[in-house]
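Source file structure_35.cif; content: mmCIF, C-alpha atoms.
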```cif
data_start
#
loop_
_atom_site.group_PDB
_atom_site.id
_atom_site.type_symbol
_atom_site.label_atom_id
_atom_site.label_comp_id
_atom_site.auth_asym_id
_atom_site.auth_seq_id
_atom_site.Cartn_x
_atom_site.Cartn_y
_atom_site.Cartn_z
ATOM 1 C CA PHE P 1 100.831 87.412 99.921
ATOM 2 C CA LYS P 2 98.682 90.281 101.189
ATOM 3 C CA HIS P 3 101.455 92.800 100.485
ATOM 4 C CA ASN P 4 101.744 91.509 96.910
ATOM 5 C CA LEU P 5 98.039 92.123 96.335
ATOM 6 C CA ILE P 6 98.323 95.663 97.680
ATOM 7 C CA LEU P 7 101.334 96.317 95.446
ATOM 8 C CA LEU P 8 99.475 94.927 92.426
ATOM 9 C CA PHE P 9 96.469 97.159 93.181
ATOM 10 C CA LEU P 10 98.697 100.246 93.461
ATOM 11 C CA CYS P 11 100.380 99.403 90.160
ATOM 12 C CA LYS P 12 96.988 99.181 88.472
ATOM 13 C CA ILE P 13 95.994 102.564 89.895
ATOM 14 C CA HIS P 14 99.249 104.013 88.563
ATOM 15 C CA ILE P 15 98.460 102.611 85.099
ATOM 16 C CA ILE P 16 95.027 104.252 85.230
ATOM 17 C CA PHE P 17 96.490 107.604 86.278
ATOM 18 C CA ILE P 18 98.960 107.477 83.382
ATOM 19 C CA SER P 19 96.315 106.364 80.856
ATOM 20 C CA TYR P 20 93.723 109.093 81.414
ATOM 21 C CA LYS P 21 96.427 111.777 81.045
ATOM 22 C CA THR P 22 96.879 110.797 77.389
ATOM 23 C CA VAL P 23 93.443 112.162 76.425
ATOM 24 C CA PRO P 24 94.141 115.294 74.357
ATOM 25 C CA LYS P 25 92.621 118.676 75.107
ATOM 26 C CA GLY P 26 89.221 119.033 73.454
ATOM 27 C CA LYS P 27 88.595 115.262 73.456
ATOM 28 C CA VAL P 28 86.922 112.880 75.896
ATOM 29 C CA VAL P 29 87.150 109.156 76.544
ATOM 30 C CA SER P 30 84.616 106.860 78.191
ATOM 31 C CA PHE P 31 85.362 104.750 81.247
ATOM 32 C CA GLN P 32 84.684 101.745 79.000
ATOM 33 C CA LYS P 33 87.183 102.850 76.321
ATOM 34 C CA LEU P 34 89.793 103.720 78.959
ATOM 35 C CA THR P 35 89.395 100.251 80.455
ATOM 36 C CA TYR P 36 89.805 98.723 76.981
ATOM 37 C CA LEU P 37 92.920 100.816 76.263
ATOM 38 C CA ILE P 38 94.499 99.723 79.550
ATOM 39 C CA GLY P 39 93.767 96.132 78.646
ATOM 40 C CA ASN P 40 90.606 94.089 78.970
ATOM 41 C CA GLY P 41 90.905 91.540 81.714
ATOM 42 C CA ILE P 42 93.306 93.630 83.747
ATOM 43 C CA LEU P 43 90.665 95.943 85.181
ATOM 44 C CA THR P 44 86.923 96.374 85.217
ATOM 45 C CA ILE P 45 85.108 99.619 84.463
ATOM 46 C CA SER P 46 84.033 99.968 88.091
ATOM 47 C CA ARG P 47 87.646 99.661 89.281
ATOM 48 C CA VAL P 48 88.720 102.379 86.849
ATOM 49 C CA GLN P 49 85.925 104.626 88.184
ATOM 50 C CA PHE P 50 86.947 103.848 91.770
ATOM 51 C CA ALA P 51 90.611 104.608 91.086
ATOM 52 C CA LEU P 52 89.822 107.919 89.408
ATOM 53 C CA LYS P 53 87.652 108.935 92.370
ATOM 54 C CA MET P 54 90.702 108.337 94.594
ATOM 55 C CA HIS P 55 92.888 110.757 92.602
ATOM 56 C CA PRO P 56 94.957 112.803 95.097
ATOM 57 C CA SER P 57 94.373 116.157 93.355
ATOM 58 C CA PRO P 58 91.402 115.930 90.979
ATOM 59 C CA GLU P 59 91.086 119.709 90.709
ATOM 60 C CA ASN P 60 94.553 119.853 89.099
ATOM 61 C CA SER P 61 94.009 117.009 86.642
ATOM 62 C CA ASN P 62 92.082 116.376 83.458
ATOM 63 C CA LEU P 63 89.724 113.803 84.959
ATOM 64 C CA HIS P 64 86.870 115.804 83.454
ATOM 65 C CA ARG P 65 87.775 114.253 80.089
ATOM 66 C CA VAL P 66 86.567 110.814 81.219
ATOM 67 C CA VAL P 67 82.831 110.374 80.604
ATOM 68 C CA CYS P 68 80.214 107.610 80.711
ATOM 69 C CA ALA P 69 79.899 105.109 77.841
ATOM 70 C CA ASP P 70 76.868 106.951 76.415
ATOM 71 C CA GLY P 71 78.787 110.239 76.430
ATOM 72 C CA GLY P 72 77.015 111.485 79.532
ATOM 73 C CA LEU P 73 78.765 113.221 82.376
ATOM 74 C CA SER P 74 79.868 111.216 85.391
ATOM 75 C CA LEU P 75 77.855 111.301 88.607
ATOM 76 C CA SER P 76 81.046 110.351 90.422
ATOM 77 C CA TYR P 77 83.165 113.257 89.160
ATOM 78 C CA PRO P 78 85.126 114.178 92.312
ATOM 79 C CA VAL P 79 84.998 117.988 92.000
ATOM 80 C CA GLY P 80 81.398 119.168 91.974
ATOM 81 C CA GLY P 81 79.737 116.146 90.376
ATOM 82 C CA ILE P 82 78.066 116.594 86.988
ATOM 83 C CA GLU P 83 78.016 120.393 87.239
ATOM 84 C CA GLY P 84 81.719 120.517 88.054
ATOM 85 C CA GLN P 85 82.563 118.275 85.116
ATOM 86 C CA LYS P 86 80.362 120.288 82.765
ATOM 87 C CA ASP P 87 82.063 123.529 83.822
ATOM 88 C CA ARG P 88 85.531 122.095 83.148
ATOM 89 C CA LEU P 89 84.603 120.690 79.743
#
```
Go ahead and render the structure in this file as structure tokens.
Amino acid sequence: FKHNLILLFLCKIHIIFISYKTVPKGKVVSFQKLTYLIGNGILTISRVQFALKMHPSPENSNLHRVVCADGGLSLSYPVGGIEGQKDRL
């Protein structure tokens, strides 16, 4: 049972990693919208934020395109915080 939960969690993380990559260059998406696109009820906003913070190579990804619901930059951006995200946008 415990192994099934771990597998389910890893599958959800994989879905998140695939979903944020679909954001086109020059556009941003909020954590809230990304959660909605993945499917309400499957994940919560905080789990999406947690999964993105765990990204194995954030400096080589487009995580900077995921912002807060109000359009603000994310305090939890894994490469340099707000300043790092601002520089990449």
> Of the candidates P:Leu89, P:Leu8, P:Val66, P:Leu43, which shows the shortest atom-to-atom distance to Lys21 of chain P, using all atoms listed in the file?
Replying inline: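 The shortest atom-to-atom distance to Lys21 of chain P comes from P:Val66.
Take the candidates P:Ile82, P:Ile16, P:Leu52, P:Leu5 and check each one against Leu37 of chain P using only C-alpha atoms; the shortest distance goes to P:Ile16.
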>> Please expand the PyMOL selection byres ((chain P and resi 77) around 10) into the concrete residues it hits in this file, giving the result as an MDAnalysis selection string.
In response: chainID P and resid 49 52:53 58 63:64 66:67 73:76 78:86
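Our summary of the geometry notes that atom CA of Ser30 of chain P is positioned 10.6 Å from atom CA of Val48 of chain P.
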> atom CA of Arg88 of chain P and atom CA of Lys25 of chain P, how far apart in Å?
Replying inline: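 Atom CA of Arg88 of chain P lies at a distance of 11.3 Å from atom CA of Lys25 of chain P.
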> atom CA of Gly26 of chain P and atom CA of Met54 of chain P, how far apart in Å?
Replying inline: 23.7 Å
Around all the atoms of segment 62-75 of chain P listed in the file, draw an axis-aligned box and extend it by 5 Å on each of the six sides; I want its centre and edge lengths in Å to one decimal, as AutoDock Vina command-line options.
```
--center_x 84.5 --center_y 110.7 --center_z 82.5 --size_x 25.2 --size_y 21.3 --size_z 22.2
```
> Between P:Cys11, P:Glu59, P:Phe17, P:Asp70, which is the closest to Asp87 of chain P once you count all atoms listed in the file?
Replying inline: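 So, comparing all the options, the nearest one is P:Glu59.
Between Ala69 of chain P and the candidates P:Thr44, P:Pro56, P:Ala51, P:Lys33, the tightest atom-to-atom separation, counting all atoms listed in the file, involves P:Lys33.
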